[in-house]
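Worksheet: the structure to be examined is printed underneath.
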Amino acid sequence: MIETVNPNIFRAYDIRGLYGKDIDPTVFYRIGLGAGTYLQKEMKKSRITVGNDLRQSSHPLVHAFIAGLSATGVLVTSCGTTSFGQTLFAGWKNNQDLISFITASHLPPEWNGVKFYFGDGVGLPEEELMKIRDIVLKQRWIEVPWNDIPSIQTIHPQKSYEDFFVSKFSYKNRLKVAVDCGGASMTLSAPSVLEKLGLDVVKVYCDPDPSFSQRPSDPKPENLEKLVSTVKNEKCDFGVAFDGDGDRSVIVDDTGLILSADQTGIIIGKYGLDKRSGTVIVNVECSKAVEEQLTPLGYKVKQIQVGHTFLTLHAKKEGSPLGIESSGHLILPAYFLFDDALVIPLKIAEILDKTSQQLHFLAEEIPMYPRKKLEITCSDDTKFDIIKQLSIQCSNEYEQVNLLDGVRVNLENGWVLIRASNTSPIIRLTAEANTIDDVEELASLFETKTKKLIEEIQTPVPMK
């Protein structure tokens with residue numbers, strides 16, 4: 001039993017940690033107390049929907065979390081073990097005040113955590129999450145007497161969730177789609193929804209596998225070899241891979257080419273929306289190709305900070321038709337604000353059905369630029385100081401410097417983004433440029449600048 005709650009489990013977008021080391025049922029009981037108190041005292045509300053992914057540790061954690069919530073007197077609706085999208089859908093459709101999902105998303109099976117969303121699907125901002133943290137750490141929670149503890153309502157959202165998509169999508173042609181669920185939570189929703197819509201589904205890792213023994217829960221290109229070979233061997237129209245909870249997807253075209261989130265977003269913006277107008281939300285790590293491709297069509301493009309919470313928040317504020325996160329979160333607010341990744345392959349299928357074109361032809365129309373990503377080791381204690389110093393240095397040295405999230409330097413031949421990770425002791429560097437030589441040069445230049453600052457700040461000054 002973990003007796004003291006580690007404040008470091010409270011991150012910018014969620015709560016997460018290693019099971020048995022950072023989190024356990026005792027910790028999640030206290031988080032439930034904190035969330036229930038926050039719901040009543042800060043939001044002046046009383047209803048929350050809870051679901052969990054299929055990790056082995058999710059079962060004890062969700063029961064402890066619900067116990068904590070109930071002890072504060074809030075009304076809990078439990079969806080049980082579902083995909084992320086089913087839980088968010090249920091909370092949204094039932095006009096709940098808060099929605100939570102027990103998951104560690106793309107992280108390995110020994111990790112777990114919890115995400116929070118408002119009832120409309122907008123992610124809980126960091127400052128609100130920190131209010132829950134403070135209630136938990138200071139033990140300032142509400143506990144009601146036994147006769148004020150309400151009953152827990154249990155629902156099964158699968159049918160209404162499937163019916164929703166059947167009402168929104170239909171296809172004239174029977175497209176063939178390879179679906180890689182990685183053995184994770186999307187095994188509980190994606191294949192059945194796609195089949196109900198008349199698509200020919202070729203399953204890849206679609207049996208529940210709580211330990212992710214066949215494919216890691218992070219759908220990185222190096223983890224998608226089986227999906228790529230299946231698309232090519234089975235002559236599929238396209239393929240899709242999901243992460244551990246189902247809030248990110250990766251699209252593979254009919255030739256086996258893995259598309260970036262930017263490419264997928266551009267294709268949806270060009271062919272998948274009813275009106276080519278409004279503000280498309282992109283984070284500062286997205287390709288310059290997004291603006292180059294979509295603004296001539298009539299869209300505006302707004303850059304925001306990295307993080308799915310900001311994506312949903314700004315999309316709501318701007319009334320956006322499309323939101324793109326470079327990590328793979330995409331949202332289509334015409335359906336809902338939350339980032340249920342299932343809507344993306346459904347929209348791609350709709351585009352292919354309407355245009356009668358193969359996906360690789362649509363992808364080939366989009367000129368993409370060489371990109372390079374680096375991770376630079378830096379202690380948690382100094383990484384934000386490094387970014388601050390780098391922002392001062394770059395602002396004095398370059399004309400176009402964006403400090404919205406980290407330091408983004410825009411140059412004639414490309415751009416570089418340097419930002420501290422919110423979850424790990426590293427600084428991430430992303431460079432994009434017109435040519436491979438340019439991107440290598442930019443990445444090398446700013447890697448050197450960053451490492452020099454790290455060395456200067458982390459090297460102890462000798463005592464005289």
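Scheme for the structure tokens: letters A, B, ... for chains in order shown; per-chain residue numbers from 1; ligand numbers from 1 in order shown.
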Contacts of stretch 9-14 of chain A within 7 Å, only C-alpha atoms, excl. fewer than 5 positions in-chain, as a list in words
Val114, Lys115, Phe116, Glu126, Arg133, Thr309, Asn422 and Thr423 of chain A
Please return, as a ChimeraX atom specification, all residues of stretch 137-253 of chain A that DSSP assigns to helix (DSSP H, G or I) on the basis of the backbone.
/A:137-138,146-148,158-168,185-188,190-196,221-223,225-233
Contacts of A:Val179 at 7 Å (only C-alpha atoms; same-chain gap of 4+ positions) as a ChimeraX atom specification:
/A:201-204,239-241
Residues of the last selection are to be written out with N, CA and C atoms, as a CSV table (one decimal), in the first residue's frame.
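Saved result, part17.csv, follows:
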```csv
chain,number,residue,atom,x,y,z
A,201,VAL,N,-13.6,-5.8,-42.9
A,201,VAL,CA,-12.5,-5.6,-41.9
A,201,VAL,C,-11.5,-6.8,-41.8
A,202,VAL,N,-10.3,-6.5,-42.0
A,202,VAL,CA,-9.2,-7.5,-41.8
A,202,VAL,C,-8.6,-7.2,-40.5
A,203,LYS,N,-8.7,-8.1,-39.6
A,203,LYS,CA,-8.3,-7.8,-38.2
A,203,LYS,C,-6.8,-8.1,-37.9
A,204,VAL,N,-6.2,-7.2,-37.3
A,204,VAL,CA,-4.8,-7.3,-36.8
A,204,VAL,C,-4.7,-7.1,-35.3
A,239,GLY,N,-5.3,1.0,-44.1
A,239,GLY,CA,-5.2,0.4,-42.8
A,239,GLY,C,-5.3,1.5,-41.7
A,240,VAL,N,-5.6,1.1,-40.5
A,240,VAL,CA,-5.6,2.0,-39.3
A,240,VAL,C,-5.1,1.3,-38.1
A,241,ALA,N,-4.2,2.0,-37.3
A,241,ALA,CA,-3.7,1.4,-36.1
A,241,ALA,C,-4.1,2.4,-34.9
```
Find the residues around A:Leu362 up to 12 Å (only C-alpha atoms counted), leave out those fewer than 5 positions away in its own chain, and share them as number ranges by chain.
A: 253-254, 259, 263-272, 348, 351-352, 355-357, 367
Next, write the just-selected residues to a file, as a PDB file, in the first residue's frame, keeping N, CA and C atoms as the atom set.
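What ended up in selection21.pdb:
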```
ATOM      1  N   ASP A 253      -1.772   3.986 -46.070  1.00  0.00           N
ATOM      2  CA  ASP A 253      -2.446   3.992 -47.374  1.00  0.00           C
ATOM      3  C   ASP A 253      -2.370   2.623 -48.042  1.00  0.00           C
ATOM      4  N   ASP A 254      -2.977   2.495 -49.214  1.00  0.00           N
ATOM      5  CA  ASP A 254      -3.104   1.198 -49.873  1.00  0.00           C
ATOM      6  C   ASP A 254      -1.791   0.619 -50.371  1.00  0.00           C
ATOM      7  N   LEU A 259       0.978   7.288 -43.056  1.00  0.00           N
ATOM      8  CA  LEU A 259       0.760   8.724 -43.169  1.00  0.00           C
ATOM      9  C   LEU A 259       0.975   9.402 -41.814  1.00  0.00           C
ATOM     10  N   GLN A 263      -0.534  14.758 -42.716  1.00  0.00           N
ATOM     11  CA  GLN A 263      -1.060  14.307 -44.012  1.00  0.00           C
ATOM     12  C   GLN A 263      -2.522  13.896 -43.902  1.00  0.00           C
ATOM     13  N   THR A 264      -2.838  13.136 -42.862  1.00  0.00           N
ATOM     14  CA  THR A 264      -4.219  12.704 -42.668  1.00  0.00           C
ATOM     15  C   THR A 264      -5.139  13.903 -42.485  1.00  0.00           C
ATOM     16  N   GLY A 265      -4.690  14.861 -41.675  1.00  0.00           N
ATOM     17  CA  GLY A 265      -5.485  16.064 -41.443  1.00  0.00           C
ATOM     18  C   GLY A 265      -5.704  16.875 -42.707  1.00  0.00           C
ATOM     19  N   ILE A 266      -4.673  16.997 -43.531  1.00  0.00           N
ATOM     20  CA  ILE A 266      -4.789  17.747 -44.793  1.00  0.00           C
ATOM     21  C   ILE A 266      -5.784  17.062 -45.726  1.00  0.00           C
ATOM     22  N   ILE A 267      -5.697  15.738 -45.828  1.00  0.00           N
ATOM     23  CA  ILE A 267      -6.632  14.986 -46.688  1.00  0.00           C
ATOM     24  C   ILE A 267      -8.074  15.201 -46.223  1.00  0.00           C
ATOM     25  N   ILE A 268      -8.293  15.168 -44.910  1.00  0.00           N
ATOM     26  CA  ILE A 268      -9.642  15.402 -44.388  1.00  0.00           C
ATOM     27  C   ILE A 268     -10.083  16.837 -44.688  1.00  0.00           C
ATOM     28  N   GLY A 269      -9.170  17.799 -44.516  1.00  0.00           N
ATOM     29  CA  GLY A 269      -9.501  19.189 -44.799  1.00  0.00           C
ATOM     30  C   GLY A 269      -9.816  19.438 -46.267  1.00  0.00           C
ATOM     31  N   LYS A 270      -9.127  18.729 -47.150  1.00  0.00           N
ATOM     32  CA  LYS A 270      -9.323  18.930 -48.597  1.00  0.00           C
ATOM     33  C   LYS A 270     -10.564  18.216 -49.117  1.00  0.00           C
ATOM     34  N   TYR A 271     -10.863  17.035 -48.582  1.00  0.00           N
ATOM     35  CA  TYR A 271     -11.904  16.201 -49.190  1.00  0.00           C
ATOM     36  C   TYR A 271     -13.043  15.788 -48.247  1.00  0.00           C
ATOM     37  N   GLY A 272     -12.880  16.020 -46.938  1.00  0.00           N
ATOM     38  CA  GLY A 272     -13.823  15.416 -46.010  1.00  0.00           C
ATOM     39  C   GLY A 272     -14.768  16.333 -45.283  1.00  0.00           C
ATOM     40  N   ILE A 348     -11.969   8.765 -43.421  1.00  0.00           N
ATOM     41  CA  ILE A 348     -11.121   8.387 -44.563  1.00  0.00           C
ATOM     42  C   ILE A 348     -11.895   7.462 -45.499  1.00  0.00           C
ATOM     43  N   ILE A 351     -14.277   9.521 -47.522  1.00  0.00           N
ATOM     44  CA  ILE A 351     -13.587  10.260 -48.589  1.00  0.00           C
ATOM     45  C   ILE A 351     -13.296   9.353 -49.771  1.00  0.00           C
ATOM     46  N   LEU A 352     -12.778   8.156 -49.512  1.00  0.00           N
ATOM     47  CA  LEU A 352     -12.462   7.220 -50.595  1.00  0.00           C
ATOM     48  C   LEU A 352     -13.727   6.774 -51.311  1.00  0.00           C
ATOM     49  N   THR A 355     -14.883   9.963 -53.461  1.00  0.00           N
ATOM     50  CA  THR A 355     -13.985  10.399 -54.548  1.00  0.00           C
ATOM     51  C   THR A 355     -13.662   9.282 -55.524  1.00  0.00           C
ATOM     52  N   SER A 356     -13.879   8.028 -55.096  1.00  0.00           N
ATOM     53  CA  SER A 356     -13.526   6.849 -55.901  1.00  0.00           C
ATOM     54  C   SER A 356     -12.047   6.868 -56.298  1.00  0.00           C
ATOM     55  N   GLN A 357     -11.221   7.442 -55.415  1.00  0.00           N
ATOM     56  CA  GLN A 357      -9.776   7.460 -55.653  1.00  0.00           C
ATOM     57  C   GLN A 357      -9.078   6.602 -54.603  1.00  0.00           C
ATOM     58  N   PRO A 367       2.697  17.800 -50.879  1.00  0.00           N
ATOM     59  CA  PRO A 367       4.156  17.837 -50.738  1.00  0.00           C
ATOM     60  C   PRO A 367       4.546  17.920 -49.262  1.00  0.00           C
TER      61      PRO A 367
END
```
A:Leu188: which residues within 9 Å, counting only C-alpha atoms, same-chain residues fewer than 6 positions away excluded, as a list of chain:residue names?
A:Thr81, A:Thr82, A:Ser83, A:Gln158, A:Cys206, A:Asp207, A:Pro208
What does the file look like for those residues with N, CA and C atoms, as a CSV table (one decimal), in the first residue's frame?
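Generated output (result-v1.csv):
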```
chain,number,residue,atom,x,y,z
A,81,THR,N,-15.5,-1.6,-18.5
A,81,THR,CA,-14.3,-1.7,-19.3
A,81,THR,C,-14.7,-1.4,-20.8
A,82,THR,N,-14.3,-0.3,-21.3
A,82,THR,CA,-14.7,0.1,-22.7
A,82,THR,C,-13.5,0.7,-23.4
A,83,SER,N,-13.8,1.2,-24.6
A,83,SER,CA,-12.8,2.1,-25.2
A,83,SER,C,-13.0,3.5,-24.7
A,158,GLN,N,-22.2,0.6,-25.6
A,158,GLN,CA,-21.8,0.1,-26.9
A,158,GLN,C,-22.9,0.2,-28.0
A,206,CYS,N,-6.7,-7.9,-32.9
A,206,CYS,CA,-8.0,-7.4,-32.5
A,206,CYS,C,-8.6,-8.3,-31.3
A,207,ASP,N,-7.8,-9.2,-30.7
A,207,ASP,CA,-8.2,-9.9,-29.6
A,207,ASP,C,-7.7,-9.2,-28.3
A,208,PRO,N,-8.5,-9.0,-27.3
A,208,PRO,CA,-8.0,-8.3,-26.1
A,208,PRO,C,-6.7,-8.9,-25.5
```
Those in stretch 85-218 of chain A with strand (DSSP E or B) from DSSP, as an NGL selection string:
:A and (98-102 or 111-118 or 123 or 153-154 or 176-180 or 200-204)
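For A:Leu442, the set of protein, DNA and RNA residues having any atom at most 9 Å away, when counting only C-alpha atoms and skipping those fewer than 6 positions along the same chain, is A:Gly414, A:Trp415, A:Val416, A:Ala431, A:Glu432, A:Ala433.
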Can you write out the residues you just picked, keeping N, CA and C atoms, as a compact mmCIF listing (two decimals), in the first residue's frame?
```txt
# COMPACT_ATOMS: atom_id res chain seq x y z
N GLY A 414 13.04 26.56 -43.33
CA GLY A 414 12.40 25.60 -42.43
C GLY A 414 12.18 26.17 -41.05
N TRP A 415 11.98 25.29 -40.08
CA TRP A 415 11.76 25.72 -38.70
C TRP A 415 12.28 24.66 -37.74
N VAL A 416 12.52 25.11 -36.51
CA VAL A 416 12.97 24.22 -35.43
C VAL A 416 12.15 24.53 -34.19
N ALA A 431 12.74 19.40 -36.14
CA ALA A 431 13.14 20.29 -37.23
C ALA A 431 12.46 19.84 -38.52
N GLU A 432 12.04 20.81 -39.31
CA GLU A 432 11.46 20.54 -40.63
C GLU A 432 12.05 21.56 -41.60
N ALA A 433 12.42 21.11 -42.79
CA ALA A 433 13.05 22.02 -43.75
C ALA A 433 12.75 21.58 -45.18
```
Hey, what's within 10 Å of A:Ile392 if we count only C-alpha atoms and toss same-chain stuff fewer than 3 positions away? As an MDAnalysis selection string, please?
chainID A and resid 387:389 395:397 401 403 407
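With only C-alpha atoms as the basis for measurement, A:Asp237 is the residue among A:Val284, A:Arg419, A:Gly246, A:Asp237 that approaches A:His360 most closely.
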Could you jot down the atom CA of A:Asp353 to atom CA of A:Val231 separation for me, Å, one decimal place?
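One can read the atom CA of A:Asp353 to atom CA of A:Val231 distance as 17.6 Å.
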